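J.: Input input-v9.csv, format and content: CSV, C-alpha atoms.
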chain,number,residue,atom,x,y,z
A,1,MET,CA,17.4,-15.7,-32.9
A,2,SER,CA,16.7,-13.5,-35.9
A,3,ASP,CA,16.3,-9.7,-35.7
A,4,ARG,CA,12.6,-10.3,-35.6
A,5,PRO,CA,11.7,-12.5,-32.6
A,6,ARG,CA,9.3,-15.4,-33.3
A,7,VAL,CA,6.6,-15.3,-30.6
A,8,GLY,CA,4.1,-17.9,-29.4
A,9,ILE,CA,1.1,-16.7,-27.5
A,10,VAL,CA,-1.0,-18.9,-25.2
A,11,GLY,CA,-4.4,-17.4,-24.5
A,12,THR,CA,-6.7,-15.7,-27.0
A,13,GLY,CA,-8.7,-13.4,-24.7
A,14,PHE,CA,-8.3,-9.7,-24.0
A,15,MET,CA,-4.7,-10.0,-22.7
A,16,GLY,CA,-3.7,-12.3,-25.5
A,17,GLY,CA,-4.7,-9.6,-27.9
A,18,VAL,CA,-2.9,-6.9,-26.0
A,19,HIS,CA,0.3,-9.0,-26.1
A,20,ALA,CA,-0.1,-9.7,-29.8
A,21,ARG,CA,-0.4,-6.0,-30.7
A,22,ALA,CA,2.6,-5.1,-28.5
A,23,VAL,CA,4.7,-7.9,-30.1
A,24,THR,CA,4.0,-6.6,-33.6
A,25,ALA,CA,4.5,-3.0,-32.6
A,26,ALA,CA,7.9,-3.9,-31.0
A,27,GLY,CA,9.1,-5.6,-34.2
A,28,GLY,CA,8.3,-9.2,-33.3
A,29,GLU,CA,6.2,-11.7,-35.2
A,30,VAL,CA,3.5,-13.8,-33.6
A,31,THR,CA,4.0,-17.2,-35.4
A,32,ALA,CA,1.9,-19.5,-33.2
A,33,VAL,CA,-1.2,-19.1,-31.0
A,34,LEU,CA,-3.0,-21.5,-28.7
A,35,GLY,CA,-6.4,-21.0,-27.3
A,36,SER,CA,-8.7,-23.0,-25.0
A,37,GLY,CA,-9.9,-25.0,-27.9
A,38,PRO,CA,-9.3,-25.6,-31.6
A,39,GLY,CA,-11.9,-23.0,-32.7
A,40,ARG,CA,-10.5,-20.2,-30.5
A,41,SER,CA,-6.9,-21.0,-31.7
A,42,ALA,CA,-8.0,-20.9,-35.3
A,43,ALA,CA,-9.9,-17.7,-34.9
A,44,ALA,CA,-6.9,-16.0,-33.2
A,45,ALA,CA,-4.5,-17.2,-35.9
A,46,ALA,CA,-6.8,-15.8,-38.6
A,47,ARG,CA,-6.5,-12.4,-37.0
A,48,LEU,CA,-2.7,-12.5,-37.0
A,49,PRO,CA,-1.0,-12.6,-40.5
A,50,GLY,CA,1.6,-15.4,-40.5
A,51,ALA,CA,0.5,-17.1,-37.3
A,52,ARG,CA,-0.7,-20.7,-37.1
A,53,ALA,CA,-3.0,-22.4,-34.6
A,54,ALA,CA,-1.1,-24.8,-32.4
A,55,ALA,CA,-2.6,-28.1,-31.3
A,56,ASP,CA,-1.3,-27.8,-27.8
A,57,LEU,CA,1.6,-26.3,-25.8
A,58,ALA,CA,4.0,-28.9,-26.9
A,59,ASP,CA,3.2,-28.2,-30.5
A,60,LEU,CA,3.6,-24.5,-30.0
A,61,LEU,CA,7.0,-25.1,-28.3
A,62,ASP,CA,8.1,-27.3,-31.2
A,63,SER,CA,7.4,-24.6,-33.8
A,64,GLY,CA,10.7,-22.8,-33.2
A,65,VAL,CA,9.4,-19.8,-31.2
A,66,ASP,CA,12.0,-17.6,-29.5
A,67,VAL,CA,9.7,-16.7,-26.5
A,68,VAL,CA,6.3,-17.7,-25.2
A,69,HIS,CA,3.8,-15.3,-23.7
A,70,LEU,CA,1.3,-16.9,-21.3
A,71,CYS,CA,-2.0,-15.0,-21.1
A,72,THR,CA,-4.2,-17.7,-19.7
A,73,PRO,CA,-6.3,-17.9,-16.5
A,74,ASN,CA,-4.3,-17.7,-13.3
A,75,HIS,CA,-4.5,-21.3,-12.3
A,76,LEU,CA,-2.7,-22.4,-15.5
A,77,HIS,CA,0.3,-20.2,-15.1
A,78,ALA,CA,2.5,-22.4,-13.0
A,79,ARG,CA,1.8,-25.5,-15.0
A,80,ASP,CA,2.4,-23.9,-18.4
A,81,ALA,CA,5.4,-21.8,-17.3
A,82,ALA,CA,7.0,-25.0,-16.0
A,83,GLU,CA,6.6,-26.7,-19.3
A,84,VAL,CA,8.0,-23.7,-21.2
A,85,ILE,CA,11.0,-23.6,-18.9
A,86,ALA,CA,11.6,-27.3,-19.2
A,87,ALA,CA,11.7,-26.8,-23.0
A,88,GLY,CA,14.4,-24.2,-22.5
A,89,VAL,CA,12.3,-21.4,-24.0
A,90,PRO,CA,12.2,-17.8,-22.5
A,91,VAL,CA,8.8,-16.9,-21.1
A,92,VAL,CA,6.6,-13.9,-20.5
A,93,CYS,CA,3.9,-14.7,-17.9
A,94,GLU,CA,0.9,-12.6,-17.0
A,95,LYS,CA,0.6,-11.8,-13.4
A,96,PRO,CA,0.1,-13.5,-11.0
A,97,LEU,CA,3.2,-15.6,-11.8
A,98,ALA,CA,1.5,-18.3,-9.8
A,99,THR,CA,-1.3,-18.5,-7.3
A,100,THR,CA,1.0,-19.8,-4.5
A,101,VAL,CA,4.3,-18.6,-3.3
A,102,ALA,CA,5.8,-22.1,-3.5
A,103,ASP,CA,5.0,-22.3,-7.2
A,104,ALA,CA,6.3,-18.8,-7.9
A,105,GLU,CA,9.5,-19.8,-6.1
A,106,ARG,CA,9.9,-23.0,-8.1
A,107,LEU,CA,9.4,-21.2,-11.4
A,108,THR,CA,11.8,-18.4,-10.6
A,109,ALA,CA,14.5,-20.8,-9.4
A,110,GLY,CA,14.0,-23.1,-12.4
A,111,ALA,CA,14.2,-20.2,-15.0
A,112,ALA,CA,17.3,-18.8,-13.3
A,113,ALA,CA,19.0,-22.2,-13.3
A,114,ALA,CA,18.3,-22.6,-17.0
A,115,GLY,CA,19.6,-19.1,-17.7
A,116,LEU,CA,16.3,-18.1,-19.4
A,117,VAL,CA,15.0,-14.6,-20.0
A,118,THR,CA,11.7,-14.1,-18.1
A,119,ALA,CA,9.3,-11.2,-17.7
A,120,VAL,CA,6.1,-10.3,-15.9
A,121,PRO,CA,4.2,-7.3,-17.4
A,122,PHE,CA,4.1,-4.8,-14.6
A,123,VAL,CA,3.8,-2.3,-17.5
A,124,TYR,CA,3.0,0.9,-15.5
A,125,ARG,CA,6.7,1.1,-14.8
A,126,TYR,CA,7.0,2.2,-18.4
A,127,HIS,CA,5.2,5.6,-18.1
A,128,ALA,CA,7.8,8.3,-18.8
A,129,LEU,CA,6.7,10.4,-15.8
A,130,VAL,CA,6.9,7.3,-13.5
A,131,ARG,CA,10.5,7.0,-14.6
A,132,GLU,CA,10.9,10.7,-14.0
A,133,ALA,CA,9.6,10.5,-10.5
A,134,ARG,CA,11.9,7.5,-9.8
A,135,ALA,CA,14.9,9.4,-11.1
A,136,ARG,CA,14.2,12.5,-9.0
A,137,ILE,CA,13.6,10.5,-5.8
A,138,ALA,CA,16.8,8.5,-6.3
A,139,ALA,CA,18.8,11.7,-6.9
A,140,ASP,CA,17.5,13.4,-3.7
A,141,PRO,CA,19.4,12.1,-0.7
A,142,ASP,CA,17.1,14.1,1.6
A,143,ALA,CA,13.8,13.0,0.0
A,144,GLY,CA,12.8,11.4,3.3
A,145,LEU,CA,9.6,9.8,1.9
A,146,TRP,CA,7.6,8.8,5.0
A,147,LEU,CA,4.0,8.5,3.8
A,148,LEU,CA,3.3,6.3,0.7
A,149,HIS,CA,-0.4,6.1,-0.2
A,150,GLY,CA,-2.7,5.6,-3.2
A,151,SER,CA,-5.4,3.5,-4.8
A,152,TYR,CA,-6.2,1.4,-7.8
A,153,LEU,CA,-9.9,1.6,-8.6
A,154,GLN,CA,-12.0,0.0,-11.4
A,155,ASP,CA,-15.7,-0.6,-12.0
A,156,TRP,CA,-15.8,-3.5,-14.4
A,157,LEU,CA,-17.3,-5.8,-11.7
A,158,GLY,CA,-19.7,-3.2,-10.4
A,159,ASP,CA,-22.6,-5.1,-12.1
A,160,ARG,CA,-23.9,-7.9,-9.8
A,161,SER,CA,-24.8,-10.0,-12.9
A,162,ALA,CA,-21.2,-9.6,-14.2
A,163,GLY,CA,-19.2,-12.8,-14.1
A,164,ASN,CA,-15.7,-13.7,-14.9
A,165,TRP,CA,-13.3,-16.6,-14.2
A,166,ARG,CA,-11.4,-14.4,-11.9
A,167,VAL,CA,-14.3,-14.4,-9.4
A,168,ASP,CA,-13.8,-18.2,-8.9
A,169,PRO,CA,-10.9,-18.9,-6.5
A,170,GLU,CA,-10.3,-22.3,-8.2
A,171,LEU,CA,-9.4,-20.4,-11.4
A,172,GLY,CA,-8.2,-17.0,-10.2
A,173,GLY,CA,-6.6,-17.8,-6.8
A,174,SER,CA,-7.5,-16.9,-3.3
A,175,THR,CA,-7.2,-13.2,-3.9
A,176,ARG,CA,-9.0,-11.4,-6.7
A,177,ALA,CA,-8.9,-7.6,-6.5
A,178,PHE,CA,-5.6,-7.3,-4.7
A,179,GLY,CA,-4.0,-10.1,-6.6
A,180,ASP,CA,-5.2,-8.7,-10.0
A,181,ILE,CA,-4.6,-5.0,-9.6
A,182,GLY,CA,-3.3,-4.3,-6.0
A,183,VAL,CA,0.0,-6.0,-6.9
A,184,HIS,CA,0.5,-3.5,-9.8
A,185,TRP,CA,0.3,-0.6,-7.3
A,186,CYS,CA,2.7,-2.3,-4.9
A,187,ASP,CA,5.2,-3.1,-7.7
A,188,LEU,CA,5.0,0.5,-8.8
A,189,MET,CA,5.5,1.9,-5.3
A,190,GLU,CA,8.6,-0.2,-4.6
A,191,TYR,CA,10.1,0.5,-8.0
A,192,VAL,CA,9.6,4.2,-7.9
A,193,THR,CA,10.6,4.8,-4.2
A,194,GLY,CA,13.1,2.0,-3.5
A,195,HIS,CA,11.2,1.1,-0.4
A,196,ARG,CA,10.2,-2.5,0.3
A,197,ILE,CA,7.0,-3.5,2.1
A,198,THR,CA,7.8,-5.4,5.3
A,199,ARG,CA,4.5,-5.6,7.2
A,200,VAL,CA,0.9,-5.4,6.2
A,201,GLN,CA,-2.6,-5.3,7.8
A,202,ALA,CA,-5.5,-5.8,5.4
A,203,ARG,CA,-9.3,-6.0,5.2
A,204,PHE,CA,-11.2,-7.5,2.3
A,205,GLY,CA,-14.7,-6.4,1.3
A,206,ARG,CA,-17.4,-7.3,-1.2
A,207,ALA,CA,-19.9,-5.2,-3.1
A,208,PHE,CA,-22.0,-8.3,-3.5
A,209,GLN,CA,-22.3,-11.5,-1.6
A,210,ASP,CA,-23.4,-13.4,-4.7
A,211,ARG,CA,-23.1,-12.9,-8.4
A,212,GLY,CA,-24.5,-14.0,-11.7
A,213,PRO,CA,-27.8,-13.9,-13.6
A,214,LEU,CA,-31.1,-14.0,-11.7
A,215,GLY,CA,-31.8,-17.6,-10.8
A,216,ALA,CA,-28.3,-18.7,-11.2
A,217,ARG,CA,-26.4,-16.6,-8.7
A,218,ARG,CA,-23.5,-18.1,-6.8
A,219,ALA,CA,-21.8,-17.0,-3.5
A,220,VAL,CA,-18.8,-14.9,-4.0
A,221,ARG,CA,-15.7,-16.2,-2.3
A,222,THR,CA,-13.1,-13.5,-3.4
A,223,GLU,CA,-12.9,-9.8,-2.6
A,224,ASP,CA,-14.2,-7.0,-4.7
A,225,GLY,CA,-11.9,-4.6,-2.8
A,226,ALA,CA,-9.3,-4.3,-0.2
A,227,VAL,CA,-7.8,-1.7,2.3
A,228,VAL,CA,-4.2,-2.3,3.1
A,229,SER,CA,-2.0,-0.6,5.6
A,230,PHE,CA,1.8,-1.3,5.4
A,231,GLU,CA,5.2,-0.4,6.7
A,232,THR,CA,8.5,-0.4,4.7
A,233,ASP,CA,12.1,-1.2,5.3
A,234,ARG,CA,13.0,2.5,5.4
A,235,GLY,CA,10.5,3.4,8.1
A,236,ALA,CA,7.7,4.7,6.0
A,237,ILE,CA,4.0,4.0,6.6
A,238,GLY,CA,1.5,3.6,3.8
A,239,SER,CA,-2.0,2.7,2.7
A,240,LEU,CA,-3.6,1.3,-0.4
A,241,VAL,CA,-7.3,1.1,-1.4
A,242,VAL,CA,-8.2,-1.4,-4.2
A,243,SER,CA,-11.6,-1.9,-5.8
A,244,GLN,CA,-13.1,-3.5,-8.9
A,245,ALA,CA,-16.6,-2.2,-8.1
A,246,SER,CA,-16.2,1.6,-7.8
A,247,ALA,CA,-18.6,3.2,-10.2
A,248,GLY,CA,-17.0,5.5,-12.7
A,249,ARG,CA,-13.5,4.4,-12.1
A,250,LYS,CA,-12.3,2.6,-15.2
A,251,ASN,CA,-8.6,2.0,-14.5
A,252,ARG,CA,-7.5,4.6,-12.0
A,253,LEU,CA,-4.1,3.8,-10.5
A,254,TRP,CA,-3.0,6.8,-8.4
A,255,PHE,CA,-0.2,7.3,-6.0
A,256,SER,CA,1.2,10.0,-3.7
A,257,PHE,CA,4.7,9.5,-2.3
A,258,ASP,CA,5.1,12.2,0.4
A,259,GLY,CA,8.2,13.7,2.1
A,260,PRO,CA,8.6,16.8,4.2
A,261,GLY,CA,10.2,18.7,1.4
A,262,GLN,CA,8.6,17.3,-1.7
A,263,SER,CA,5.7,15.0,-2.6
A,264,TYR,CA,5.2,13.2,-5.9
A,265,SER,CA,1.7,12.3,-7.3
A,266,PHE,CA,0.8,10.4,-10.5
A,267,ASP,CA,-2.5,9.2,-12.0
A,268,GLN,CA,-2.2,6.7,-14.8
A,269,GLU,CA,-5.6,7.9,-16.3
A,270,GLY,CA,-3.9,11.3,-16.8
A,271,PRO,CA,-0.3,10.1,-17.5
A,272,GLU,CA,0.8,13.3,-19.1
A,273,GLN,CA,1.3,15.0,-15.7
A,274,LEU,CA,3.4,14.5,-12.6
A,275,TRP,CA,2.4,16.6,-9.6
A,276,ILE,CA,5.3,17.7,-7.4
A,277,GLY,CA,4.3,19.3,-4.2
A,278,GLY,CA,6.5,21.7,-2.2
A,279,ARG,CA,6.1,23.7,0.9
A,280,ALA,CA,6.4,27.0,-0.9
A,281,ALA,CA,4.9,26.1,-4.3
A,282,ASN,CA,3.6,23.1,-6.3
A,283,THR,CA,4.7,22.1,-9.8
A,284,THR,CA,2.8,20.2,-12.4
A,285,LEU,CA,5.4,18.6,-14.7
A,286,LEU,CA,4.2,17.8,-18.2
A,287,ARG,CA,5.6,14.9,-20.1
A,288,ASP,CA,8.2,16.2,-22.5
A,289,PRO,CA,11.2,14.5,-24.1
A,290,ALA,CA,13.1,17.7,-23.3
A,291,LEU,CA,12.9,17.2,-19.6
A,292,SER,CA,16.3,17.5,-17.9
A,293,SER,CA,16.3,13.9,-16.7
A,294,ALA,CA,17.6,11.5,-19.3
A,295,HIS,CA,16.1,8.5,-17.4
A,296,ALA,CA,12.7,8.8,-19.2
A,297,ASP,CA,14.0,9.5,-22.7
A,298,ARG,CA,13.8,5.9,-23.8
A,299,PHE,CA,10.1,5.8,-23.1
A,300,ASP,CA,9.3,9.3,-24.4
A,301,PRO,CA,9.5,9.4,-28.3
A,302,LEU,CA,6.3,11.4,-28.7
A,303,PRO,CA,6.3,15.2,-28.6
A,304,PRO,CA,4.3,17.1,-26.0
A,305,GLY,CA,0.5,16.9,-26.6
A,306,HIS,CA,0.6,13.4,-28.0
A,307,PRO,CA,-0.4,11.3,-25.0
A,308,GLN,CA,1.5,8.2,-24.0
A,309,GLY,CA,-0.9,5.5,-22.8
A,310,TYR,CA,-1.3,1.9,-21.7
A,311,ARG,CA,-0.7,0.5,-25.1
A,312,THR,CA,2.6,2.4,-25.5
A,313,CYS,CA,3.8,1.2,-22.1
A,314,PHE,CA,3.0,-2.4,-23.1
A,315,GLU,CA,4.9,-2.0,-26.4
A,316,ASP,CA,7.9,-0.6,-24.5
A,317,PHE,CA,7.8,-3.5,-22.1
A,318,VAL,CA,7.8,-6.0,-25.0
A,319,ALA,CA,10.7,-4.1,-26.7
A,320,ASP,CA,12.7,-4.6,-23.5
A,321,VAL,CA,11.9,-8.3,-23.6
A,322,HIS,CA,13.2,-8.5,-27.2
A,323,ALA,CA,16.3,-6.6,-26.2
A,324,ALA,CA,16.9,-9.1,-23.3
A,325,LEU,CA,16.5,-12.0,-25.8
A,326,ALA,CA,19.3,-10.4,-27.8
A,327,GLY,CA,21.5,-10.2,-24.7
A,328,GLN,CA,20.9,-6.5,-23.9
A,329,PRO,CA,18.7,-6.5,-20.8
A,330,ALA,CA,17.2,-3.1,-20.0
A,331,GLU,CA,17.1,-1.5,-16.6
A,332,GLY,CA,13.7,-1.8,-14.9
A,333,MET,CA,12.3,-4.7,-17.0
A,334,PRO,CA,10.2,-6.7,-14.5
A,335,THR,CA,11.2,-10.4,-14.3
A,336,PHE,CA,10.0,-13.5,-12.6
A,337,ALA,CA,11.8,-12.2,-9.5
A,338,ASP,CA,9.3,-9.3,-9.5
A,339,GLY,CA,6.5,-11.8,-10.0
A,340,LEU,CA,7.7,-13.8,-7.0
A,341,ARG,CA,7.8,-10.6,-4.9
A,342,ALA,CA,4.2,-9.9,-5.9
A,343,ALA,CA,3.2,-13.4,-4.9
A,344,ARG,CA,4.8,-13.0,-1.4
A,345,ILE,CA,3.0,-9.6,-0.8
A,346,SER,CA,-0.3,-11.2,-2.0
A,347,ALA,CA,0.1,-14.1,0.4
A,348,ALA,CA,0.8,-11.8,3.3
A,349,VAL,CA,-2.2,-9.5,2.4
A,350,THR,CA,-4.5,-12.5,2.0
A,351,ALA,CA,-3.4,-14.1,5.3
A,352,SER,CA,-3.8,-10.7,7.1
A,353,ALA,CA,-7.4,-10.3,5.8
A,354,GLU,CA,-8.3,-13.8,6.6
A,355,HIS,CA,-6.9,-13.9,10.2
A,356,GLY,CA,-7.2,-10.2,11.1
A,357,THR,CA,-3.6,-10.0,12.1
A,358,ILE,CA,-0.5,-8.0,11.0
A,359,MET,CA,1.7,-10.2,8.7
A,360,GLU,CA,5.4,-9.9,7.9
A,361,VAL,CA,6.5,-9.8,4.3
A,362,PRO,CA,10.0,-11.2,3.5
A,363,VAL,CA,12.1,-8.5,2.0
Represent the supplied structure as structure tokens.

T.:
Amino acid sequence: MSDRPRVGIVGTGFMGGVHARAVTAAGGEVTAVLGSGPGRSAAAAARLPGARAAADLADLLDSGVDVVHLCTPNHLHARDAAEVIAAGVPVVCEKPLATTVADAERLTAGAAAAGLVTAVPFVYRYHALVREARARIAADPDAGLWLLHGSYLQDWLGDRSAGNWRVDPELGGSTRAFGDIGVHWCDLMEYVTGHRITRVQARFGRAFQDRGPLGARRAVRTEDGAVVSFETDRGAIGSLVVSQASAGRKNRLWFSFDGPGQSYSFDQEGPEQLWIGGRAANTTLLRDPALSSAHADRFDPLPPGHPQGYRTCFEDFVADVHAALAGQPAEGMPTFADGLRAARISAAVTASAEHGTIMEVPV
């Protein structure tokens, strides 16, 4: 592999564009793109200097790419990732890694057997103050976190006439709101605290029972939101509220991880602050490369007052992928193993909501 990784991107929608920008910012080169049809492939290639439109996935794989990014609808992930793995090419797959646990297990095992670099973009791990919270919690043997709670709220499906392939379980899978954004929160909670979810009890809800333009509305079969209670392997309890139809909430991932001595709270819509609660006084920690912890330095090149955001997190994630391709894996880079973990949590949450029972989650 050259110093500038050659990248193929499958999928030309919103996420495909996010990946392409991050690849370029991280020093890679998008050399081949593949959309859902020749026209979309050609249009995407025209927006990316040096990229060509691939005829199909086999053509893209034959073009000498160092890594493939899969940014397609969920139901295609398992099929396409299996083809990339069979070709011996490293792969970045958008979540969910697969819409079933069995497929996620098969992909994870196959990539591991082939010795391939894999990644799933749980990019909220890359906020500097998220890393700061993780470092402080890990360094405190008496943290005693016992209550882990938060929410992930959006409003992009708050319009009844709004439609998207994610609403269709044949394309998006049996869970929508939780499988799309709830898994991000769960990944972040486990990464920051070191706790692992062991049991869940969930309820799914819908803002609308049908969706689409007047005269062409169809029954909705996936959830607009979820409420999940859980327990962890360290004896903590927790709760998570997820919604894609909460007016005014654009992309609010918020958590509070609470102990008797200190609590830690973060809101990714205001990522320049980490709130640390204490019994005698509270502290609002501002993002600053000069913080005493060195754990966040790699993700904090900007001076105070120059906000770090979602795009920066994605660029740092892709930079870690490039480092791993060069044989220098970075701590905290989410891999297919983390995608499999998300699939197992999603399956337990979905089964709990369907059957009204508490479900165990394999640790």

J.: Would you mind listing what lies within 7 Å of range 83-94 of chain A as a PyMOL selection string, with only C-alpha atoms counted and same-chain residues fewer than 2 positions away left out?

T.: chain A and resi 66-71+79-81+96-97+111+114+116-121

J.: What's around range 188-192 of chain A at 8 Å? Count all atoms listed in the file, leave out sequence neighbours fewer than 3 positions away in its own chain, and write the answer as a list in words.

T.: Phe122, Tyr124, Arg125, Val130, Arg131, Ala133, Arg134, Ile137, Leu148, His184, Trp185, His195, Arg196, Ile197 and Phe255 of chain A

J.: Go through A:Asp62, A:Asp224, A:Glu132, A:Asp168 one by one, measure the shortest atom-to-atom distance of each to Val242 in chain A using all atoms listed in the file, and give the residue with the smallest value.

T.: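 Closest candidate: A:Asp224.
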
J.: Which of these, A:Thr12, A:Gln201, A:Gln154, A:Gln273, has the shortest distance to Ala245 in chain A once you count all atoms listed in the file?

T.: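 Checking each candidate against Ala245 in chain A, we get A:Gln154 as the closest.
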
J.: Taking only C-alpha atoms into account, produce a table as JSON lines in which each residue of range 19-63 of chain A with an atom at most 12 Å from an atom of range 318-336 of chain A appears once, together with its shortest atom pair and the distance in Å to one decimal, ordered by chain and rising number.

T.:
{"residue": "A:His19", "atom": "CA", "partner": "A:Val318", "partner_atom": "CA", "distance": 8.2}
{"residue": "A:Ala20", "atom": "CA", "partner": "A:Val318", "partner_atom": "CA", "distance": 10.0}
{"residue": "A:Arg21", "atom": "CA", "partner": "A:Val318", "partner_atom": "CA", "distance": 10.0}
{"residue": "A:Ala22", "atom": "CA", "partner": "A:Val318", "partner_atom": "CA", "distance": 6.3}
{"residue": "A:Val23", "atom": "CA", "partner": "A:Val318", "partner_atom": "CA", "distance": 6.3}
{"residue": "A:Thr24", "atom": "CA", "partner": "A:Val318", "partner_atom": "CA", "distance": 9.4}
{"residue": "A:Ala25", "atom": "CA", "partner": "A:Ala319", "partner_atom": "CA", "distance": 8.6}
{"residue": "A:Ala26", "atom": "CA", "partner": "A:Ala319", "partner_atom": "CA", "distance": 5.1}
{"residue": "A:Gly27", "atom": "CA", "partner": "A:Ala319", "partner_atom": "CA", "distance": 7.8}
{"residue": "A:Gly28", "atom": "CA", "partner": "A:His322", "partner_atom": "CA", "distance": 7.9}
{"residue": "A:Glu29", "atom": "CA", "partner": "A:His322", "partner_atom": "CA", "distance": 11.1}

J.: Using only C-alpha atoms for the distances, tell me which of A:Asp59, A:Gly248, A:Val183, A:Asp338 is nearest to Thr108 in chain A.

T.: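 Between A:Asp59, A:Gly248, A:Val183, A:Asp338, the residue approaching Thr108 in chain A most closely is A:Asp338.
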
J.: Nearest residue to Gly144 in chain A out of A:Ile237, A:Val361, A:Ala44, A:Ala347, using all atoms listed in the file?

T.: A:Ile237
